[in-house]
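Participant: Coordinates in input.txt, compact mmCIF, N, CA, C and O atoms, are listed below.
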```
# COMPACT_ATOMS: atom_id res chain seq x y z
N MET A 3 0.85 -1.18 0.00
CA MET A 3 0.00 0.00 0.00
C MET A 3 0.89 1.24 0.00
O MET A 3 1.95 1.26 0.62
N LYS A 4 0.42 2.27 -0.67
CA LYS A 4 1.15 3.54 -0.72
C LYS A 4 0.55 4.53 0.27
O LYS A 4 -0.67 4.70 0.32
N THR A 5 1.43 5.17 1.03
CA THR A 5 1.02 6.14 2.05
C THR A 5 1.74 7.46 1.80
O THR A 5 2.94 7.47 1.54
N ILE A 6 1.00 8.55 1.91
CA ILE A 6 1.58 9.89 1.83
C ILE A 6 1.76 10.41 3.25
O ILE A 6 0.85 10.32 4.07
N ILE A 7 2.94 10.99 3.51
CA ILE A 7 3.22 11.67 4.77
C ILE A 7 3.56 13.11 4.42
O ILE A 7 4.44 13.35 3.59
N THR A 8 2.85 14.06 5.02
CA THR A 8 3.16 15.47 4.75
C THR A 8 4.46 15.83 5.47
O THR A 8 4.69 15.45 6.61
N ALA A 9 5.32 16.57 4.77
CA ALA A 9 6.66 16.86 5.29
C ALA A 9 7.06 18.30 5.02
O ALA A 9 6.58 18.93 4.08
N THR A 10 7.99 18.79 5.85
CA THR A 10 8.50 20.16 5.67
C THR A 10 9.66 20.21 4.69
O THR A 10 10.03 21.28 4.22
N GLY A 11 10.24 19.05 4.38
CA GLY A 11 11.39 18.99 3.46
C GLY A 11 11.34 17.73 2.62
O GLY A 11 10.45 16.90 2.76
N ASP A 12 12.36 17.58 1.78
CA ASP A 12 12.38 16.46 0.83
C ASP A 12 13.34 15.35 1.22
O ASP A 12 13.91 14.68 0.37
N GLN A 13 13.51 15.16 2.54
CA GLN A 13 14.39 14.11 3.02
C GLN A 13 13.73 13.34 4.15
O GLN A 13 12.87 13.87 4.85
N ILE A 14 14.16 12.11 4.34
CA ILE A 14 13.57 11.22 5.33
C ILE A 14 13.68 11.79 6.76
O ILE A 14 12.83 11.53 7.59
N LYS A 15 14.70 12.58 7.02
CA LYS A 15 14.90 13.17 8.35
C LYS A 15 14.11 14.47 8.53
O LYS A 15 14.15 15.08 9.59
N ALA A 16 13.39 14.88 7.50
CA ALA A 16 12.61 16.13 7.57
C ALA A 16 11.50 16.01 8.60
O ALA A 16 10.90 14.95 8.76
N PRO A 17 11.20 17.11 9.29
CA PRO A 17 10.08 17.09 10.22
C PRO A 17 8.75 16.90 9.48
O PRO A 17 8.58 17.34 8.35
N PHE A 18 7.85 16.24 10.15
CA PHE A 18 6.47 16.06 9.70
C PHE A 18 5.80 17.43 9.62
O PHE A 18 6.04 18.30 10.46
N ASP A 19 4.98 17.66 8.62
CA ASP A 19 4.25 18.92 8.47
C ASP A 19 2.79 18.65 8.82
O ASP A 19 2.15 17.80 8.20
N LYS A 20 2.27 19.35 9.81
CA LYS A 20 0.89 19.12 10.27
C LYS A 20 -0.16 19.73 9.35
O LYS A 20 -1.34 19.54 9.55
N ARG A 21 0.28 20.47 8.35
CA ARG A 21 -0.67 21.08 7.41
C ARG A 21 -0.79 20.17 6.19
O ARG A 21 0.21 19.72 5.65
N PHE A 22 -1.99 19.90 5.76
CA PHE A 22 -2.16 19.05 4.58
C PHE A 22 -1.99 19.85 3.29
O PHE A 22 -1.03 19.69 2.57
N GLY A 23 -2.93 20.72 3.01
CA GLY A 23 -2.90 21.47 1.75
C GLY A 23 -1.73 22.42 1.63
O GLY A 23 -1.29 22.73 0.53
N ARG A 24 -1.19 22.87 2.74
CA ARG A 24 -0.07 23.83 2.74
C ARG A 24 1.27 23.17 3.07
O ARG A 24 2.27 23.86 3.21
N ALA A 25 1.29 21.85 3.18
CA ALA A 25 2.56 21.15 3.43
C ALA A 25 3.53 21.42 2.28
O ALA A 25 3.12 21.50 1.12
N ALA A 26 4.79 21.56 2.60
CA ALA A 26 5.79 21.85 1.57
C ALA A 26 6.04 20.65 0.66
O ALA A 26 6.23 20.80 -0.55
N TRP A 27 6.04 19.46 1.25
CA TRP A 27 6.38 18.24 0.50
C TRP A 27 5.43 17.10 0.87
O TRP A 27 4.89 17.08 1.97
N PHE A 28 5.31 16.15 -0.03
CA PHE A 28 4.60 14.90 0.21
C PHE A 28 5.62 13.78 0.06
O PHE A 28 6.29 13.67 -0.97
N CYS A 29 5.74 12.96 1.09
CA CYS A 29 6.59 11.77 1.01
C CYS A 29 5.68 10.59 0.69
O CYS A 29 4.75 10.31 1.43
N LEU A 30 5.95 9.93 -0.41
CA LEU A 30 5.20 8.74 -0.80
C LEU A 30 6.00 7.52 -0.35
O LEU A 30 7.11 7.29 -0.83
N PHE A 31 5.45 6.80 0.59
CA PHE A 31 6.08 5.59 1.11
C PHE A 31 5.33 4.38 0.60
O PHE A 31 4.12 4.27 0.79
N ASP A 32 6.04 3.49 -0.08
CA ASP A 32 5.44 2.26 -0.60
C ASP A 32 5.75 1.14 0.39
O ASP A 32 6.90 0.72 0.51
N GLU A 33 4.74 0.69 1.10
CA GLU A 33 4.93 -0.33 2.13
C GLU A 33 5.35 -1.67 1.54
O GLU A 33 6.00 -2.47 2.21
N THR A 34 5.02 -1.93 0.30
CA THR A 34 5.37 -3.19 -0.34
C THR A 34 6.86 -3.27 -0.64
O THR A 34 7.51 -4.27 -0.37
N THR A 35 7.41 -2.19 -1.18
CA THR A 35 8.82 -2.19 -1.59
C THR A 35 9.73 -1.52 -0.55
O THR A 35 10.94 -1.68 -0.61
N GLY A 36 9.14 -0.73 0.36
CA GLY A 36 9.94 0.01 1.34
C GLY A 36 10.57 1.28 0.76
O GLY A 36 11.35 1.95 1.43
N SER A 37 10.21 1.63 -0.45
CA SER A 37 10.80 2.81 -1.10
C SER A 37 10.07 4.10 -0.72
O SER A 37 8.89 4.07 -0.34
N THR A 38 10.78 5.21 -0.83
CA THR A 38 10.19 6.52 -0.60
C THR A 38 10.51 7.42 -1.79
O THR A 38 11.54 7.27 -2.44
N ALA A 39 9.61 8.34 -2.05
CA ALA A 39 9.81 9.36 -3.08
C ALA A 39 9.19 10.65 -2.55
O ALA A 39 8.18 10.61 -1.84
N PHE A 40 9.80 11.77 -2.86
CA PHE A 40 9.30 13.06 -2.39
C PHE A 40 8.79 13.88 -3.56
O PHE A 40 9.42 13.93 -4.61
N TYR A 41 7.64 14.52 -3.33
CA TYR A 41 7.00 15.36 -4.34
C TYR A 41 6.73 16.72 -3.72
O TYR A 41 6.08 16.81 -2.68
N GLU A 42 7.22 17.75 -4.38
CA GLU A 42 6.98 19.11 -3.88
C GLU A 42 5.50 19.44 -4.05
O GLU A 42 4.90 19.13 -5.09
N ASN A 43 4.92 20.06 -3.03
CA ASN A 43 3.52 20.48 -3.11
C ASN A 43 3.47 21.82 -3.82
O ASN A 43 3.69 22.86 -3.21
N GLU A 44 3.17 21.78 -5.08
CA GLU A 44 3.14 23.01 -5.88
C GLU A 44 1.98 23.93 -5.52
O GLU A 44 1.90 25.06 -5.98
N PHE A 45 1.06 23.44 -4.67
CA PHE A 45 -0.11 24.23 -4.30
C PHE A 45 0.01 24.86 -2.92
O PHE A 45 -0.92 25.52 -2.46
N ALA A 46 1.14 24.65 -2.24
CA ALA A 46 1.32 25.13 -0.86
C ALA A 46 1.11 26.64 -0.74
O ALA A 46 0.59 27.12 0.26
N GLY A 47 1.47 27.39 -1.76
CA GLY A 47 1.35 28.84 -1.71
C GLY A 47 0.13 29.38 -2.43
O GLY A 47 0.00 30.60 -2.61
N ALA A 48 -0.77 28.52 -2.83
CA ALA A 48 -1.97 28.96 -3.57
C ALA A 48 -2.82 29.88 -2.72
O ALA A 48 -2.90 29.73 -1.50
N SER A 49 -3.47 30.82 -3.36
CA SER A 49 -4.32 31.77 -2.62
C SER A 49 -5.60 31.10 -2.12
O SER A 49 -6.22 31.57 -1.18
N GLY A 50 -5.99 30.01 -2.72
CA GLY A 50 -7.18 29.27 -2.29
C GLY A 50 -7.21 27.91 -2.94
O GLY A 50 -6.57 27.69 -3.97
N GLY A 51 -7.93 26.99 -2.33
CA GLY A 51 -8.09 25.67 -2.91
C GLY A 51 -6.90 24.74 -2.78
O GLY A 51 -6.84 23.72 -3.45
N ALA A 52 -5.95 25.08 -1.90
CA ALA A 52 -4.75 24.25 -1.75
C ALA A 52 -5.08 22.83 -1.30
O ALA A 52 -4.49 21.87 -1.79
N GLY A 53 -6.03 22.69 -0.39
CA GLY A 53 -6.39 21.37 0.12
C GLY A 53 -6.97 20.47 -0.95
O GLY A 53 -6.60 19.30 -1.06
N VAL A 54 -7.85 21.01 -1.77
CA VAL A 54 -8.46 20.22 -2.84
C VAL A 54 -7.41 19.84 -3.87
O VAL A 54 -7.35 18.68 -4.32
N LYS A 55 -6.57 20.78 -4.24
CA LYS A 55 -5.51 20.49 -5.22
C LYS A 55 -4.54 19.45 -4.67
O LYS A 55 -4.10 18.55 -5.40
N ALA A 56 -4.21 19.55 -3.39
CA ALA A 56 -3.34 18.56 -2.76
C ALA A 56 -4.01 17.19 -2.75
O ALA A 56 -3.37 16.17 -3.03
N ALA A 57 -5.31 17.15 -2.46
CA ALA A 57 -6.05 15.89 -2.46
C ALA A 57 -6.05 15.27 -3.86
O ALA A 57 -5.89 14.05 -4.01
N GLU A 58 -6.19 16.10 -4.88
CA GLU A 58 -6.14 15.60 -6.26
C GLU A 58 -4.78 14.98 -6.55
O GLU A 58 -4.68 13.96 -7.24
N LYS A 59 -3.72 15.58 -6.04
CA LYS A 59 -2.36 15.06 -6.22
C LYS A 59 -2.22 13.69 -5.54
O LYS A 59 -1.61 12.78 -6.08
N ILE A 60 -2.82 13.54 -4.36
CA ILE A 60 -2.77 12.27 -3.64
C ILE A 60 -3.45 11.18 -4.46
O ILE A 60 -2.94 10.06 -4.57
N VAL A 61 -4.58 11.51 -5.05
CA VAL A 61 -5.30 10.56 -5.91
C VAL A 61 -4.42 10.19 -7.11
O VAL A 61 -4.28 9.01 -7.45
N GLU A 62 -3.81 11.19 -7.71
CA GLU A 62 -2.93 10.98 -8.87
C GLU A 62 -1.76 10.05 -8.53
O GLU A 62 -1.34 9.23 -9.34
N LEU A 63 -1.23 10.18 -7.30
CA LEU A 63 -0.09 9.35 -6.87
C LEU A 63 -0.52 7.94 -6.45
O LEU A 63 0.31 7.12 -6.09
N ASP A 64 -1.83 7.68 -6.47
CA ASP A 64 -2.40 6.37 -6.16
C ASP A 64 -2.14 5.93 -4.71
O ASP A 64 -1.96 4.74 -4.44
N ALA A 65 -2.11 6.89 -3.80
CA ALA A 65 -1.95 6.56 -2.38
C ALA A 65 -3.29 6.12 -1.81
O ALA A 65 -4.34 6.57 -2.25
N LYS A 66 -3.24 5.25 -0.82
CA LYS A 66 -4.46 4.76 -0.17
C LYS A 66 -4.58 5.28 1.26
O LYS A 66 -5.59 5.05 1.92
N LYS A 67 -3.54 5.97 1.73
CA LYS A 67 -3.55 6.52 3.09
C LYS A 67 -2.75 7.82 3.08
O LYS A 67 -1.75 7.93 2.37
N VAL A 68 -3.22 8.79 3.87
CA VAL A 68 -2.50 10.06 4.04
C VAL A 68 -2.35 10.33 5.53
O VAL A 68 -3.32 10.25 6.28
N ILE A 69 -1.12 10.65 5.92
CA ILE A 69 -0.85 11.01 7.31
C ILE A 69 -0.52 12.50 7.34
O ILE A 69 0.41 12.96 6.68
N SER A 70 -1.32 13.26 8.10
CA SER A 70 -1.13 14.70 8.22
C SER A 70 -1.67 15.13 9.58
O SER A 70 -2.10 14.30 10.38
N GLY A 71 -1.64 16.43 9.82
CA GLY A 71 -2.13 16.93 11.10
C GLY A 71 -3.56 17.43 11.04
O GLY A 71 -4.25 17.47 12.05
N ASP A 72 -4.03 17.79 9.85
CA ASP A 72 -5.37 18.32 9.71
C ASP A 72 -5.77 18.28 8.24
O ASP A 72 -4.93 18.37 7.36
N PHE A 73 -7.06 18.15 8.00
CA PHE A 73 -7.61 18.14 6.64
C PHE A 73 -8.79 19.08 6.61
O PHE A 73 -9.66 19.01 7.46
N GLY A 74 -8.83 19.95 5.63
CA GLY A 74 -9.98 20.83 5.48
C GLY A 74 -11.18 20.04 4.99
O GLY A 74 -11.04 18.92 4.46
N PRO A 75 -12.38 20.61 5.13
CA PRO A 75 -13.60 19.87 4.77
C PRO A 75 -13.67 19.46 3.30
O PRO A 75 -14.11 18.35 2.98
N LYS A 76 -13.24 20.31 2.39
CA LYS A 76 -13.32 19.97 0.96
C LYS A 76 -12.30 18.90 0.60
O LYS A 76 -12.60 17.99 -0.17
N ALA A 77 -11.10 19.01 1.17
CA ALA A 77 -10.08 17.98 0.92
C ALA A 77 -10.54 16.65 1.50
O ALA A 77 -10.39 15.60 0.87
N LYS A 78 -11.11 16.70 2.69
CA LYS A 78 -11.60 15.49 3.36
C LYS A 78 -12.67 14.81 2.49
O LYS A 78 -12.65 13.59 2.31
N ASP A 79 -13.59 15.60 1.95
CA ASP A 79 -14.65 15.05 1.09
C ASP A 79 -14.07 14.34 -0.13
O ASP A 79 -14.50 13.24 -0.49
N LEU A 80 -13.09 14.97 -0.76
CA LEU A 80 -12.48 14.39 -1.96
C LEU A 80 -11.72 13.10 -1.63
O LEU A 80 -11.85 12.09 -2.33
N LEU A 81 -10.97 13.11 -0.54
CA LEU A 81 -10.22 11.91 -0.15
C LEU A 81 -11.18 10.77 0.20
O LEU A 81 -10.94 9.62 -0.18
N GLN A 82 -12.28 11.09 0.88
CA GLN A 82 -13.27 10.06 1.21
C GLN A 82 -13.91 9.49 -0.05
O GLN A 82 -14.15 8.28 -0.14
N LYS A 83 -14.16 10.34 -1.03
CA LYS A 83 -14.76 9.91 -2.29
C LYS A 83 -13.91 8.83 -2.96
O LYS A 83 -14.43 7.91 -3.58
N PHE A 84 -12.59 8.94 -2.82
CA PHE A 84 -11.67 7.98 -3.43
C PHE A 84 -11.20 6.90 -2.43
O PHE A 84 -10.23 6.20 -2.69
N ASN A 85 -11.89 6.80 -1.29
CA ASN A 85 -11.59 5.79 -0.27
C ASN A 85 -10.14 5.84 0.21
O ASN A 85 -9.50 4.80 0.38
N ILE A 86 -9.64 7.05 0.39
CA ILE A 86 -8.28 7.24 0.91
C ILE A 86 -8.38 7.49 2.40
O ILE A 86 -9.07 8.42 2.83
N GLN A 87 -7.71 6.65 3.16
CA GLN A 87 -7.74 6.76 4.63
C GLN A 87 -6.94 7.98 5.07
O GLN A 87 -5.84 8.23 4.60
N MET A 88 -7.51 8.74 6.02
CA MET A 88 -6.84 9.90 6.59
C MET A 88 -6.46 9.61 8.03
O MET A 88 -7.30 9.19 8.82
N VAL A 89 -5.19 9.81 8.34
CA VAL A 89 -4.68 9.59 9.69
C VAL A 89 -4.17 10.92 10.20
O VAL A 89 -3.32 11.55 9.56
N ILE A 90 -4.69 11.36 11.34
CA ILE A 90 -4.28 12.63 11.92
C ILE A 90 -3.29 12.36 13.05
O ILE A 90 -3.58 11.58 13.95
N ILE A 91 -2.14 12.99 12.96
CA ILE A 91 -1.09 12.86 13.97
C ILE A 91 -0.93 14.22 14.66
O ILE A 91 -0.77 15.24 14.00
N ASN A 92 -1.01 14.21 15.97
CA ASN A 92 -0.86 15.44 16.75
C ASN A 92 0.39 15.43 17.62
O ASN A 92 0.54 16.27 18.49
N ASP A 93 1.28 14.45 17.41
CA ASP A 93 2.52 14.39 18.19
C ASP A 93 3.30 15.69 18.03
O ASP A 93 3.13 16.41 17.05
N ASP A 94 4.20 15.92 18.97
CA ASP A 94 4.96 17.16 18.95
C ASP A 94 5.77 17.36 17.68
O ASP A 94 5.47 18.21 16.88
N ASN A 95 6.81 16.59 17.49
CA ASN A 95 7.70 16.82 16.34
C ASN A 95 8.25 15.54 15.73
O ASN A 95 9.47 15.38 15.66
N PRO A 96 7.41 14.64 15.26
CA PRO A 96 7.98 13.45 14.63
C PRO A 96 8.61 13.81 13.28
O PRO A 96 8.24 14.80 12.65
N THR A 97 9.56 13.01 12.86
CA THR A 97 10.12 13.16 11.52
C THR A 97 9.38 12.22 10.58
O THR A 97 8.65 11.33 11.03
N VAL A 98 9.62 12.38 9.31
CA VAL A 98 9.04 11.47 8.32
C VAL A 98 9.53 10.05 8.64
O VAL A 98 8.75 9.09 8.62
N GLU A 99 10.79 9.92 8.97
CA GLU A 99 11.36 8.62 9.30
C GLU A 99 10.65 7.97 10.50
O GLU A 99 10.37 6.78 10.49
N ASP A 100 10.35 8.76 11.53
CA ASP A 100 9.63 8.25 12.70
C ASP A 100 8.29 7.64 12.28
O ASP A 100 7.90 6.57 12.73
N LEU A 101 7.58 8.35 11.42
CA LEU A 101 6.26 7.88 10.99
C LEU A 101 6.36 6.65 10.09
O LEU A 101 5.54 5.74 10.19
N ILE A 102 7.38 6.60 9.25
CA ILE A 102 7.59 5.41 8.42
C ILE A 102 7.89 4.20 9.31
O ILE A 102 7.37 3.11 9.08
N ASN A 103 8.70 4.40 10.33
CA ASN A 103 9.01 3.30 11.25
C ASN A 103 7.76 2.81 11.96
O ASN A 103 7.60 1.61 12.19
N ARG A 104 6.85 3.71 12.30
CA ARG A 104 5.58 3.30 12.90
C ARG A 104 4.76 2.45 11.94
O ARG A 104 4.15 1.46 12.32
N LEU A 105 4.75 2.86 10.67
CA LEU A 105 4.01 2.09 9.66
C LEU A 105 4.59 0.69 9.51
O LEU A 105 3.86 -0.28 9.35
N LYS A 106 5.90 0.58 9.56
CA LYS A 106 6.57 -0.72 9.39
C LYS A 106 6.23 -1.66 10.55
O LYS A 106 6.24 -2.87 10.38
N ARG A 107 5.97 -1.11 11.72
CA ARG A 107 5.67 -1.93 12.89
C ARG A 107 4.22 -2.40 12.93
O ARG A 107 3.87 -3.27 13.71
N GLN A 108 3.37 -1.80 12.11
CA GLN A 108 1.95 -2.16 12.13
C GLN A 108 1.69 -3.49 11.47
O GLN A 108 2.31 -3.92 10.59
```
Is it possible to express this structure as structure tokens?

Facilitator:
Amino acid sequence: MKTIITATGDQIKAPFDKRFGRAAWFCLFDETTGSTAFYENEFAGASGGAGVKAAEKIVELDAKKVISGDFGPKAKDLLQKFNIQMVIINDDNPTVEDLINRLKRQ
């Protein structure tokens, strides 16, 4: 399964970003292969609609789960429409690597 983790940077040691639509980067973690790929969120600075555009990107990347800190109502609706699981993390400062390690233990 492919999981997106919102991140502040494009490296595994980057801090987790609690913003979904305004996250700087999306880390795509493939649980089957253990591989990661980073995609810059080109909509982070949009004047409006960042959450929906980010959700469309998640669908395009064929992810089945998204880990972030919050989802706006329109983004949430779109992700639900495509049966993409949303996981909200409120921990203080996990890194992308911390969250990947949690996924591996599940």

Participant: Record the distance separating atom N of Phe45 (chain A) and atom O of Lys78 (chain A), expressed in Å with one decimal.

Facilitator: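 Computing the Euclidean distance for atom N of Phe45 (chain A) and atom O of Lys78 (chain A) yields 18.3 Å.
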
Participant: Please list, as number ranges by chain, the residues that have an atom at most 12 Å away from (2.8, 7.8, -5.3) in the coordinates of this file, counting only C-alpha atoms.

Facilitator: A: 3-7, 28-33, 37-41, 58-68

Participant: Could you list, as an MDAnalysis selection string, every residue within 7 Å of Gly74 (chain A), counting all atoms listed in the file and ignoring same-chain residues fewer than 2 positions away?

Facilitator: chainID A and resid 22:23 53 72 76:80

Participant: Distance CA of Ile91 (chain A)-CA of Ser49 (chain A), one decimal place?

Facilitator: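 Between CA of Ile91 (chain A) and CA of Ser49 (chain A) the gap works out to 25.4 Å.
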
Participant: Please report the interatomic distance between atom C of Ala46 (chain A) and atom O of Ala25 (chain A) in Å with one decimal.

Facilitator: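 Distance reported for this atom pair: 5.8 Å.
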
Participant: Counting all atoms listed in the file, what is within 7 Å of region 95-108 of chain A, bar same-chain residues fewer than 3 positions away, as a PyMOL selection string?

Facilitator: chain A and resi 7-9+13-19+92

Participant: Would you please extract all alpha helix (DSSP H) residues from chain A, as assigned by DSSP on the backbone, and give them as a PyMOL selection string?

Facilitator: chain A and resi 52-62+75-83+98-107

Participant: Looking at A:Gly50, A:Asp93, A:Ala57, A:Trp27, which one is nearest to Gly71 (chain A), with distances taken over only C-alpha atoms?

Facilitator: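 When distances to Gly71 (chain A) are compared using only C-alpha atoms, the smallest one comes from A:Asp93.
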
Participant: Let's see if you can do this: from backbone DSSP, list all strand (DSSP E) residues in chain A, as a list in words.

Facilitator: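 Answer for chain A, restricted to strand (DSSP E): Lys4, Thr5, Ile6, Ile7, Thr8, Ala9, Trp27, Phe28, Cys29, Leu30, Phe31, Asp32, Thr38, Ala39, Phe40, Tyr41, Glu42, Lys67, Val68, Ile69, Ser70, Gln87, Met88, Val89 and Ile90 of chain A.
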
Participant: Take every atom of region 93-96 of chain A listed in the file, pad by 8 Å on each side, and give me the axis-aligned box centre and edge lengths in Å, one decimal, as JSON.

Facilitator:
```
{"center_x": 5.4, "center_y": 15.8, "center_z": 15.8, "size_x": 24.2, "size_y": 20.8, "size_z": 22.3}
```

Participant: Regenerate region 52-61 of chain A at the level of all heavy atoms and dump it as a PDB file, in the coordinates of the input.

Facilitator:
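Contents of the output file part36.pdb:
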```pdb
ATOM      1  N   ALA A  52      -5.950  25.080  -1.900  1.00  0.00           N
ATOM      2  CA  ALA A  52      -4.750  24.250  -1.750  1.00  0.00           C
ATOM      3  C   ALA A  52      -5.080  22.830  -1.300  1.00  0.00           C
ATOM      4  O   ALA A  52      -4.490  21.870  -1.790  1.00  0.00           O
ATOM      5  CB  ALA A  52      -3.772  24.904  -0.780  1.00  0.00           C
ATOM      6  N   GLY A  53      -6.030  22.690  -0.390  1.00  0.00           N
ATOM      7  CA  GLY A  53      -6.390  21.370   0.120  1.00  0.00           C
ATOM      8  C   GLY A  53      -6.970  20.470  -0.950  1.00  0.00           C
ATOM      9  O   GLY A  53      -6.600  19.300  -1.060  1.00  0.00           O
ATOM     10  N   VAL A  54      -7.850  21.010  -1.770  1.00  0.00           N
ATOM     11  CA  VAL A  54      -8.460  20.220  -2.840  1.00  0.00           C
ATOM     12  C   VAL A  54      -7.410  19.840  -3.870  1.00  0.00           C
ATOM     13  O   VAL A  54      -7.350  18.680  -4.320  1.00  0.00           O
ATOM     14  CB  VAL A  54      -9.626  20.999  -3.493  1.00  0.00           C
ATOM     15  CG1 VAL A  54     -10.125  20.286  -4.745  1.00  0.00           C
ATOM     16  CG2 VAL A  54     -10.761  21.176  -2.501  1.00  0.00           C
ATOM     17  N   LYS A  55      -6.570  20.780  -4.240  1.00  0.00           N
ATOM     18  CA  LYS A  55      -5.510  20.490  -5.220  1.00  0.00           C
ATOM     19  C   LYS A  55      -4.540  19.450  -4.670  1.00  0.00           C
ATOM     20  O   LYS A  55      -4.100  18.550  -5.400  1.00  0.00           O
ATOM     21  CB  LYS A  55      -4.746  21.765  -5.601  1.00  0.00           C
ATOM     22  CG  LYS A  55      -5.582  22.756  -6.369  1.00  0.00           C
ATOM     23  CD  LYS A  55      -5.874  22.247  -7.757  1.00  0.00           C
ATOM     24  CE  LYS A  55      -6.556  23.310  -8.585  1.00  0.00           C
ATOM     25  NZ  LYS A  55      -7.011  22.808  -9.870  1.00  0.00           N
ATOM     26  N   ALA A  56      -4.210  19.550  -3.390  1.00  0.00           N
ATOM     27  CA  ALA A  56      -3.340  18.560  -2.760  1.00  0.00           C
ATOM     28  C   ALA A  56      -4.010  17.190  -2.750  1.00  0.00           C
ATOM     29  O   ALA A  56      -3.370  16.170  -3.030  1.00  0.00           O
ATOM     30  CB  ALA A  56      -2.979  18.997  -1.339  1.00  0.00           C
ATOM     31  N   ALA A  57      -5.310  17.150  -2.460  1.00  0.00           N
ATOM     32  CA  ALA A  57      -6.050  15.890  -2.460  1.00  0.00           C
ATOM     33  C   ALA A  57      -6.050  15.270  -3.860  1.00  0.00           C
ATOM     34  O   ALA A  57      -5.890  14.050  -4.010  1.00  0.00           O
ATOM     35  CB  ALA A  57      -7.473  16.106  -1.965  1.00  0.00           C
ATOM     36  N   GLU A  58      -6.190  16.100  -4.880  1.00  0.00           N
ATOM     37  CA  GLU A  58      -6.140  15.600  -6.260  1.00  0.00           C
ATOM     38  C   GLU A  58      -4.780  14.980  -6.550  1.00  0.00           C
ATOM     39  O   GLU A  58      -4.680  13.960  -7.240  1.00  0.00           O
ATOM     40  CB  GLU A  58      -6.455  16.718  -7.249  1.00  0.00           C
ATOM     41  CG  GLU A  58      -7.911  17.145  -7.215  1.00  0.00           C
ATOM     42  CD  GLU A  58      -8.200  18.404  -8.021  1.00  0.00           C
ATOM     43  OE1 GLU A  58      -7.240  19.069  -8.504  1.00  0.00           O
ATOM     44  OE2 GLU A  58      -9.391  18.735  -8.167  1.00  0.00           O
ATOM     45  N   LYS A  59      -3.720  15.580  -6.040  1.00  0.00           N
ATOM     46  CA  LYS A  59      -2.360  15.060  -6.220  1.00  0.00           C
ATOM     47  C   LYS A  59      -2.220  13.690  -5.540  1.00  0.00           C
ATOM     48  O   LYS A  59      -1.610  12.780  -6.080  1.00  0.00           O
ATOM     49  CB  LYS A  59      -1.337  16.045  -5.656  1.00  0.00           C
ATOM     50  CG  LYS A  59       0.099  15.616  -5.822  1.00  0.00           C
ATOM     51  CD  LYS A  59       0.528  15.674  -7.268  1.00  0.00           C
ATOM     52  CE  LYS A  59       2.010  15.407  -7.413  1.00  0.00           C
ATOM     53  NZ  LYS A  59       2.431  15.443  -8.813  1.00  0.00           N
ATOM     54  N   ILE A  60      -2.820  13.540  -4.360  1.00  0.00           N
ATOM     55  CA  ILE A  60      -2.770  12.270  -3.640  1.00  0.00           C
ATOM     56  C   ILE A  60      -3.450  11.180  -4.460  1.00  0.00           C
ATOM     57  O   ILE A  60      -2.940  10.060  -4.570  1.00  0.00           O
ATOM     58  CB  ILE A  60      -3.446  12.406  -2.249  1.00  0.00           C
ATOM     59  CG1 ILE A  60      -2.805  13.506  -1.404  1.00  0.00           C
ATOM     60  CG2 ILE A  60      -3.472  11.073  -1.512  1.00  0.00           C
ATOM     61  CD1 ILE A  60      -1.322  13.523  -1.314  1.00  0.00           C
ATOM     62  N   VAL A  61      -4.580  11.510  -5.050  1.00  0.00           N
ATOM     63  CA  VAL A  61      -5.300  10.560  -5.910  1.00  0.00           C
ATOM     64  C   VAL A  61      -4.420  10.190  -7.110  1.00  0.00           C
ATOM     65  O   VAL A  61      -4.280   9.010  -7.450  1.00  0.00           O
ATOM     66  CB  VAL A  61      -6.657  11.147  -6.370  1.00  0.00           C
ATOM     67  CG1 VAL A  61      -7.306  10.262  -7.429  1.00  0.00           C
ATOM     68  CG2 VAL A  61      -7.586  11.350  -5.176  1.00  0.00           C
TER      69      VAL A  61
END
```
